[in-house]
$ cat coords16.pdb   # PDB, C-alpha atoms
MODEL        1
ATOM      1  CA  MET D   1     -65.627 -11.162  27.335  1.00  0.00           C
ATOM      2  CA  TYR D   2     -65.964  -7.900  29.324  1.00  0.00           C
ATOM      3  CA  LEU D   3     -62.272  -7.104  29.424  1.00  0.00           C
ATOM      4  CA  PHE D   4     -60.692  -9.001  26.553  1.00  0.00           C
ATOM      5  CA  GLY D   5     -63.431  -9.399  23.940  1.00  0.00           C
ATOM      6  CA  VAL D   6     -62.593 -13.088  23.565  1.00  0.00           C
ATOM      7  CA  THR D   7     -65.111 -14.953  21.436  1.00  0.00           C
ATOM      8  CA  GLU D   8     -63.637 -18.457  21.754  1.00  0.00           C
ATOM      9  CA  PRO D   9     -65.204 -20.643  24.481  1.00  0.00           C
ATOM     10  CA  GLY D  10     -63.288 -22.023  27.448  1.00  0.00           C
ATOM     11  CA  CYS D  11     -60.895 -19.097  27.935  1.00  0.00           C
ATOM     12  CA  TYR D  12     -59.886 -17.360  31.154  1.00  0.00           C
ATOM     13  CA  GLY D  13     -58.315 -13.941  31.475  1.00  0.00           C
ATOM     14  CA  THR D  14     -56.386 -12.250  34.249  1.00  0.00           C
ATOM     15  CA  VAL D  15     -55.348  -8.693  34.943  1.00  0.00           C
ATOM     16  CA  ASP D  16     -52.672  -7.991  37.524  1.00  0.00           C
ATOM     17  CA  VAL D  17     -54.174  -4.949  39.225  1.00  0.00           C
ATOM     18  CA  THR D  18     -50.747  -3.800  40.421  1.00  0.00           C
ATOM     19  CA  SER D  19     -48.925  -3.866  37.080  1.00  0.00           C
ATOM     20  CA  GLY D  20     -51.821  -3.911  34.594  1.00  0.00           C
ATOM     21  CA  SER D  21     -50.312  -6.988  32.945  1.00  0.00           C
ATOM     22  CA  THR D  22     -52.873  -9.110  31.086  1.00  0.00           C
ATOM     23  CA  THR D  23     -52.832 -12.862  30.562  1.00  0.00           C
ATOM     24  CA  LEU D  24     -55.147 -15.045  28.538  1.00  0.00           C
ATOM     25  CA  PHE D  25     -55.542 -18.777  29.201  1.00  0.00           C
ATOM     26  CA  VAL D  26     -56.922 -20.728  26.232  1.00  0.00           C
ATOM     27  CA  PRO D  27     -58.061 -24.340  25.846  1.00  0.00           C
ATOM     28  CA  ARG D  28     -55.503 -26.810  24.541  1.00  0.00           C
ATOM     29  CA  LEU D  29     -57.364 -28.333  21.585  1.00  0.00           C
ATOM     30  CA  PRO D  30     -56.304 -31.530  19.841  1.00  0.00           C
ATOM     31  CA  SER D  31     -55.099 -31.098  16.269  1.00  0.00           C
ATOM     32  CA  GLU D  32     -58.106 -33.130  15.063  1.00  0.00           C
ATOM     33  CA  TYR D  33     -60.342 -30.138  15.870  1.00  0.00           C
ATOM     34  CA  ALA D  34     -58.892 -28.395  12.815  1.00  0.00           C
ATOM     35  CA  VAL D  35     -60.929 -30.738  10.594  1.00  0.00           C
ATOM     36  CA  TRP D  36     -64.134 -29.030  11.784  1.00  0.00           C
ATOM     37  CA  MET D  37     -62.883 -25.662  12.988  1.00  0.00           C
ATOM     38  CA  GLY D  38     -60.259 -24.846  10.394  1.00  0.00           C
ATOM     39  CA  PRO D  39     -56.712 -23.912  11.363  1.00  0.00           C
ATOM     40  CA  LEU D  40     -56.314 -23.669  15.141  1.00  0.00           C
ATOM     41  CA  LEU D  41     -54.881 -20.501  16.632  1.00  0.00           C
ATOM     42  CA  SER D  42     -51.440 -20.749  18.208  1.00  0.00           C
ATOM     43  CA  LEU D  43     -50.604 -19.047  21.497  1.00  0.00           C
ATOM     44  CA  ASP D  44     -48.926 -16.256  19.515  1.00  0.00           C
ATOM     45  CA  ASP D  45     -52.043 -15.901  17.342  1.00  0.00           C
ATOM     46  CA  PHE D  46     -54.164 -15.395  20.478  1.00  0.00           C
ATOM     47  CA  LYS D  47     -51.636 -12.898  21.851  1.00  0.00           C
ATOM     48  CA  GLN D  48     -51.774 -10.804  18.686  1.00  0.00           C
ATOM     49  CA  LYS D  49     -55.534 -11.122  18.208  1.00  0.00           C
ATOM     50  CA  TYR D  50     -56.417  -9.976  21.741  1.00  0.00           C
ATOM     51  CA  GLU D  51     -53.382  -7.757  22.408  1.00  0.00           C
ATOM     52  CA  VAL D  52     -52.570  -9.306  25.789  1.00  0.00           C
ATOM     53  CA  ASP D  53     -49.177  -9.520  27.464  1.00  0.00           C
ATOM     54  CA  ALA D  54     -49.066 -13.318  27.754  1.00  0.00           C
ATOM     55  CA  VAL D  55     -51.001 -16.401  26.645  1.00  0.00           C
ATOM     56  CA  TYR D  56     -50.875 -19.879  28.154  1.00  0.00           C
ATOM     57  CA  TYR D  57     -53.013 -22.979  27.963  1.00  0.00           C
ATOM     58  CA  ALA D  58     -55.939 -23.178  30.383  1.00  0.00           C
ATOM     59  CA  ASP D  59     -54.653 -26.460  31.803  1.00  0.00           C
ATOM     60  CA  GLU D  60     -51.639 -24.479  33.097  1.00  0.00           C
ATOM     61  CA  ILE D  61     -53.631 -21.807  34.922  1.00  0.00           C
ATOM     62  CA  ASP D  62     -53.018 -23.067  38.463  1.00  0.00           C
ATOM     63  CA  VAL D  63     -49.263 -23.350  37.859  1.00  0.00           C
ATOM     64  CA  LYS D  64     -48.909 -19.953  36.155  1.00  0.00           C
ATOM     65  CA  LEU D  65     -51.024 -18.173  38.773  1.00  0.00           C
ATOM     66  CA  GLY D  66     -49.073 -19.964  41.499  1.00  0.00           C
ATOM     67  CA  GLU D  67     -45.846 -18.518  40.060  1.00  0.00           C
ATOM     68  CA  LEU D  68     -47.312 -15.024  40.493  1.00  0.00           C
ATOM     69  CA  ASN D  69     -48.291 -15.781  44.100  1.00  0.00           C
ATOM     70  CA  PRO D  70     -51.316 -13.421  44.208  1.00  0.00           C
ATOM     71  CA  SER D  71     -52.637 -12.404  47.613  1.00  0.00           C
ATOM     72  CA  VAL D  72     -56.199 -12.874  46.319  1.00  0.00           C
ATOM     73  CA  LEU D  73     -57.977 -13.829  43.081  1.00  0.00           C
ATOM     74  CA  LEU D  74     -60.933 -11.604  42.293  1.00  0.00           C
ATOM     75  CA  THR D  75     -63.473 -13.565  40.270  1.00  0.00           C
ATOM     76  CA  LEU D  76     -66.420 -12.110  38.373  1.00  0.00           C
ATOM     77  CA  CYS D  77     -69.759 -13.171  39.849  1.00  0.00           C
ATOM     78  CA  GLY D  78     -73.080 -11.307  39.789  1.00  0.00           C
ATOM     79  CA  PRO D  79     -76.384 -10.676  38.001  1.00  0.00           C
ATOM     80  CA  ASN D  80     -76.585  -9.230  34.506  1.00  0.00           C
ATOM     81  CA  ALA D  81     -78.855  -6.172  34.801  1.00  0.00           C
ATOM     82  CA  ASP D  82     -80.277  -6.705  31.284  1.00  0.00           C
ATOM     83  CA  SER D  83     -80.883 -10.461  31.165  1.00  0.00           C
ATOM     84  CA  GLY D  84     -81.056 -11.286  34.872  1.00  0.00           C
ATOM     85  CA  LEU D  85     -78.677 -14.181  34.256  1.00  0.00           C
ATOM     86  CA  GLU D  86     -75.948 -14.800  36.808  1.00  0.00           C
ATOM     87  CA  ALA D  87     -72.294 -14.493  35.800  1.00  0.00           C
ATOM     88  CA  LYS D  88     -70.660 -17.548  37.327  1.00  0.00           C
ATOM     89  CA  PRO D  89     -67.209 -17.166  38.884  1.00  0.00           C
ATOM     90  CA  ALA D  90     -64.214 -18.810  37.254  1.00  0.00           C
ATOM     91  CA  ASN D  91     -63.574 -22.332  38.397  1.00  0.00           C
ATOM     92  CA  PHE D  92     -60.510 -24.336  37.435  1.00  0.00           C
ATOM     93  CA  LYS D  93     -58.491 -27.259  38.713  1.00  0.00           C
ATOM     94  CA  GLY D  94     -56.348 -26.003  41.579  1.00  0.00           C
ATOM     95  CA  ILE D  95     -58.374 -22.885  42.427  1.00  0.00           C
ATOM     96  CA  GLU D  96     -58.694 -24.158  45.987  1.00  0.00           C
ATOM     97  CA  LYS D  97     -54.981 -23.298  46.481  1.00  0.00           C
ATOM     98  CA  PHE D  98     -55.782 -19.585  46.248  1.00  0.00           C
ATOM     99  CA  VAL D  99     -57.673 -17.059  48.327  1.00  0.00           C
ATOM    100  CA  VAL D 100     -60.694 -16.200  46.160  1.00  0.00           C
ATOM    101  CA  ASP D 101     -63.073 -13.253  46.502  1.00  0.00           C
ATOM    102  CA  SER D 102     -66.204 -13.316  44.321  1.00  0.00           C
ATOM    103  CA  ASP D 103     -67.840 -10.187  45.776  1.00  0.00           C
ATOM    104  CA  ILE D 104     -65.517  -7.260  44.987  1.00  0.00           C
ATOM    105  CA  LEU D 105     -65.043  -7.410  41.211  1.00  0.00           C
ATOM    106  CA  PHE D 106     -68.568  -7.546  39.750  1.00  0.00           C
ATOM    107  CA  PRO D 107     -69.849  -4.180  41.033  1.00  0.00           C
ATOM    108  CA  VAL D 108     -66.620  -2.479  39.922  1.00  0.00           C
ATOM    109  CA  ILE D 109     -66.769  -3.986  36.428  1.00  0.00           C
ATOM    110  CA  ALA D 110     -70.512  -3.251  36.111  1.00  0.00           C
ATOM    111  CA  GLU D 111     -69.952   0.411  37.047  1.00  0.00           C
ATOM    112  CA  TRP D 112     -66.954   0.696  34.695  1.00  0.00           C
ATOM    113  CA  TYR D 113     -68.961  -0.852  31.868  1.00  0.00           C
ATOM    114  CA  VAL D 114     -71.699   1.778  32.267  1.00  0.00           C
ATOM    115  CA  PHE D 115     -69.206   4.569  31.660  1.00  0.00           C
ATOM    116  CA  GLN D 116     -67.561   2.739  28.733  1.00  0.00           C
ATOM    117  CA  ALA D 117     -70.896   2.429  26.942  1.00  0.00           C
ATOM    118  CA  VAL D 118     -71.493   6.190  27.022  1.00  0.00           C
TER     119      VAL D 118
ENDMDL
END

$ encode --input "coords16.pdb" --output "structure tokens"
Amino acid sequence: MYLFGVTEPGCYGTVDVTSGSTTLFVPRLPSEYAVWMGPLLSLDDFKQKYEVDAVYYADEIDVKLGELNPSVLLTLCGPNADSGLEAKPANFKGIEKFVVDSDILFPVIAEWYVFQAV
């Protein structure tokens, strides 16, 4: 939500800090969901709606991140200063294959967000 403004549940987003490239990972929903939710967004619909560089299904996240071979994944984890609730770090099947740091990103994003709100 902080970086992409995504309102749909179950999504993950990544930013390559070297290139600035953005990727959104969205849930793969069965076509039957359309009965209750209306027409489902395609990957291209998500790409246009959130203006990201690439969109894949969330069940592909470990494979797609593995192709990028990151030295470390920075996950967002920390307390919300307004609500006191804890932002929980991303967790997905296959995350154990990566080096993960949950300490660096939150203070940087929190500080950035302060200046964006002004």

$ resolve_selection --input "coords16.pdb" --expression "the PyMOL selection byres ((chain D and resi 14) around 10)" --output "list in words"
Leu3, Phe4, Tyr12, Gly13, Val15, Asp16, Val17, Gly20, Ser21, Thr22, Thr23, Leu24, Phe25, Val52, Ala54, Ile61, Leu65, Leu73, Leu74 and Thr75 of chain D

$ atom_distance --input "coords16.pdb" --atom1 "atom CA of Arg28 of chain D" --atom2 "atom CA of Asp59 of chain D"
7.3 Å

$ closest_residue --input "coords16.pdb" --among "D:Pro30, D:Val72, D:Tyr50, D:Lys93" --to "Thr7 of chain D" --atoms "all atoms listed in the file"
D:Tyr50

$ closest_residue --input "coords16.pdb" --among "D:Ile109, D:Asp101, D:Val26, D:Glu32" --to "Glu60 of chain D" --atoms "only C-alpha atoms"
D:Val26

$ residues_around --input "coords16.pdb" --residues "Pro27 of chain D" --least-positions-apart "4" --cutoff "9 Å" --atoms "all atoms listed in the file" --output "list in words"
Pro9, Gly10, Cys11, Tyr12, Tyr56, Tyr57, Ala58 and Asp59 of chain D

$ atom_distance --input "coords16.pdb" --atom1 "atom CA of Phe46 of chain D" --atom2 "atom CA of Val6 of chain D"
9.3 Å

$ atom_distance --input "coords16.pdb" --atom1 "atom CA of Glu67 of chain D" --atom2 "atom CA of Thr18 of chain D"
15.5 Å

$ resolve_selection --input "coords16.pdb" --expression "the PyMOL selection byres ((chain D and resi 77-79) around 10)" --output "ChimeraX atom specification"
/D:74-76,80-90,101-107,110

$ residues_around --input "coords16.pdb" --residues "Gly66 of chain D" --least-positions-apart "6" --cutoff "10 Å" --atoms "all atoms listed in the file" --output "list of chain:residue names"
D:Glu60, D:Gly94, D:Ile95, D:Lys97, D:Phe98

$ axis_aligned_box --input "coords16.pdb" --around "segment 78-90 of chain D" --padding-each-side "6 Å" --output "AutoDock Vina command-line options"
--center_x -72.6 --center_y -12.5 --center_z 35.5 --size_x 28.8 --size_y 24.6 --size_z 20.6
